[in-house]
Structures are given as C-alpha cells and as structure tokens.
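One structure is given here, and the rest of the page talks about it.
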Amino acid sequence: MAIVRRLAPSLGLTLGGLVLGAAASLALSSGTLGAATTSTPRCTTAGLSVIQNLSGSTVISVTVGNIPAACGGAVLQAALNNGTTNATGSVTVAAGGGSATVVLGTAPARQLADEVDLVFVGP
Amino acid sequence: MSRAARLRWATVAIFAAAIGASLSHASTASISLASQNFTPYRTCTLAATPATTTSIVDTTVKQASATSNFGAATTNSVSSGASANQRIYVRFDLAACSPAIPSTATVRLATLRLYMTAVPAACRTLDLFRVTATWTESAITWNTQPFGTTINNPASGSRSDSLTVGTPAGCVNLVAGYVVGADVTTDVAAFVAGSASNFGWMIRDDTEGSATVRTATFSAKELASIGQLPELVVTYVTVP
C-alpha cells in the first residue's frame, strides 16, 4: 500500500487534468481562465458625447452620440446616478452607429454632478 | 497484492497521469475564447445647480465697465466692439464628480456646454482659452482678468478650441440653445492627470474690436434655469 500512497499524488494530478479537460469544454464568455487573463474586445475607443435630456427638472433619457459603425447592433446600457437615485435603461444601437437615446426607467432629479455609466454589449 | 501486481498498478497509474496531463494541456490549448465586445465608459456631467454652488462659477468681464464685477448676473456675454468687448470666464470643479475621476483615467471627450439665448446677426468665431491663473467669480473685472486687458490677447493660435455662432447659414450654432463644438478634452485630461491647474476657461470673440458690436449671450448659473445650466460633460475610461 506504500506504493499506492506514493502514487496518490499522481492519481490526483490525473483527476485534476481530467477536470481541467472538462472545464475546457464549457462555453466561456469571460476573458479569464484560471490565472490567465486576456483583454475583452471593444467596439470603440471614440470620444462619446453624452447629453442628458430633461423633463422639467428631471433626467428622462440620455443621448449618446459619436457612436461609430463598429458598435452598430450592440446593446447600449446606461445607468445614471445623481448621488441619491439610480436609473437605468438600454437600447440597441442602430446599424451604422450615430447616436442612440436610452430612456431611463425612472427620472432622477438634475443635480450638480451626475454619473452616467455606459456599456456597449456586443455586437 | 503481490509485488508484481503493485508494480503493474504503479505503471498504469503513471501512464494515466501522463495521459491526463497531456489531455489537460491539449484541451487548454484548444480553448477558443470568443467573448463578445464589452465596451464600458463613464461620464461625469457637472451642471451649475443650484445657482449658489461654488463648484461652478461663471461671469463676464466688460471692457466698457472695466472695474465692475458681473459675477451675480443672470447672463454672460461674448462681445466684439470698439471699446465694448466682453469675455466670459467659467470654471468647473472636477472634484465635484462622484465618484472622483481617477488621475489615471483616460479622458475620451470633454465638452463645455453653454446655452445661448441671443444669437449675433453675423457669424462669429468664439475662442476658448485655458486660464492659467486664479480668479474669483465675485471679484474679477476687465481690468483684473488673468489674460490682461489687451484685446485679441491671447493669440487665437493658443486657443483650446473654437466654435461659430450666428444666424447666417454656414454658422454651426444658428439658433438659441446649447452650443455645440466646444471641445476641451485636452485641457480636462491635463486637469485630471494633474499636469495643469484647473482655472477654467476664458471665451472671447476671435476678432475683438469689431466696428459693429456683435454679441452672443448665454444663460448664467444665476438664472437658475434648470434647462439652460452651464455644463461640462467628461467622458472617460479607467482602463484604456
């Protein structure tokens, strides 16, 4: 049994290898595997213009401009935070890019400083 | 188990380990990472509200009232005229952004937005200059302004950007509303990185001293009109 005990690490390595093999068959949507990382592709590095559209004193939508054609078909998600309220929305960018208006689910009040996070998912 | 049997098992186990490692490496090497595009941006929009905020300051200096301060006025103007030139000074404190813009951020676009209420009858070019010395909203006058009293100074060539306003066709900003075209990306990037101090911008007519007075008027923060607030919009990324 001493030999078996000595071989146990090897068997463990074998099983570990099989596990890794199984994991490798998964459909990976992340750019990270184990300790390795890779850059996630982006559809643009352009300077996007962002304009908040008001209704009275609240922000009802956000218009994003200068969107290049490479982002056409992507889903543009926007989240506005005015320090006290969050509002989100999304829209599919038209083919060819241009501009896209994201209607927010709620209408936060206009404040001195508003943060808008934007993410293009895809295309 | 006999010694021979143990050795056979050992051989099988070592073989299996080798195959397992081989499979593992082969499988890892064959993984194809096909992530879809994921493109994040962050924006800080500073808007001059409430009217009492000190994070955003704006005023006009007037050559014809060289010792007067107009920091409390509800409008700002850029004007060109013989001894009647007017300039706007405006500053946005980026520290008001929440979350703070990291000093390592890459500024993709920074746009100054002013709401024009009176459009000149002639197409005029307005120049934006980064101010390099301190000033205060409640004290600055034509005579004490950082750029001095010499008209057409600083030279147009040192401007950060320019835009055209006026009713004639061909002008970019023809009607009342937020003007477009004031790109201050380079300046804001320098403020964020700490390579330049943020004293805001001065806006003047590209050709001061016009024989016919030409004036573009803008809403000041003191007007407290929520839809006409002076704004600075900064779009940036934290990972280029």
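Chain labels A, B, ... are given in the sequence in which chains occur in the structure tokens; within each chain residues are numbered consecutively from 1, and ligands are likewise numbered from 1 in the order shown.
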Practice problem: Find the residues around region 131-136 of chain B up to 6 Å (only C-alpha atoms counted), leave out those fewer than 4 positions away in its own chain, and share them as a list in words. | Solution: Ile140, Pro146, Phe199, Gly200 and Trp201 of chain B
Quiz item: With only C-alpha atoms as the basis for distance, which of A:Gly83, A:Ala107, A:Val91, A:Val64 is at the shortest distance from chain B?
Solution: A:Gly83
Quiz prompt | DSSP helix (DSSP H, G or I) selection over region 2-216 of chain B, as an NGL selection string | solution = :B and (3-30 or 63-65 or 94-96 or 156-158 or 185-193)
Quiz item: Which one of A:Leu112, A:Leu76, A:Leu118, A:Thr101 sits closest to Pro230 (chain B) if you count only C-alpha atoms?
Solution: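 Closest to Pro230 (chain B), using only C-alpha atoms: A:Leu112.
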Quiz item: Which residues, written as an NGL selection string, have at least one atom at most 7 Å from region 94-97 of chain A, with only C-alpha atoms counted and residues fewer than 4 positions away on the same chain left out?
Solution: :A and (67-69 or 71-73)
Exercise. Kindly indicate which residue among B:Asn198, B:Thr75, B:Ser98, B:Gln145 lies nearest to chain A, using only C-alpha atoms for the distances.
Key: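 Looking only at the distances to chain A, the closest residue turns out to be B:Ser98.
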Quiz item: Out of B:Met116, B:Val107, B:Ala211, B:Ala82, which residue has the shortest atom-to-atom distance to chain A when counting only C-alpha atoms?
Solution: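 The answer is B:Val107, which sits nearest to chain A.
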Quiz item: Can you list, as number ranges by chain, every residue of region 2-228 of chain B that DSSP puts in strand (DSSP E)?
Solution: B: 38-47, 56-62, 75-80, 86-92, 106-113, 115-118, 124-130, 161-165, 177-178, 201-205, 214-219
Practice problem: To one decimal in Å, tell me the separation between CA of Asn82 (chain A) and CA of Thr39 (chain B). | Solution: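 About the pair CA of Asn82 (chain A) and CA of Thr39 (chain B): they are 22.2 Å apart.
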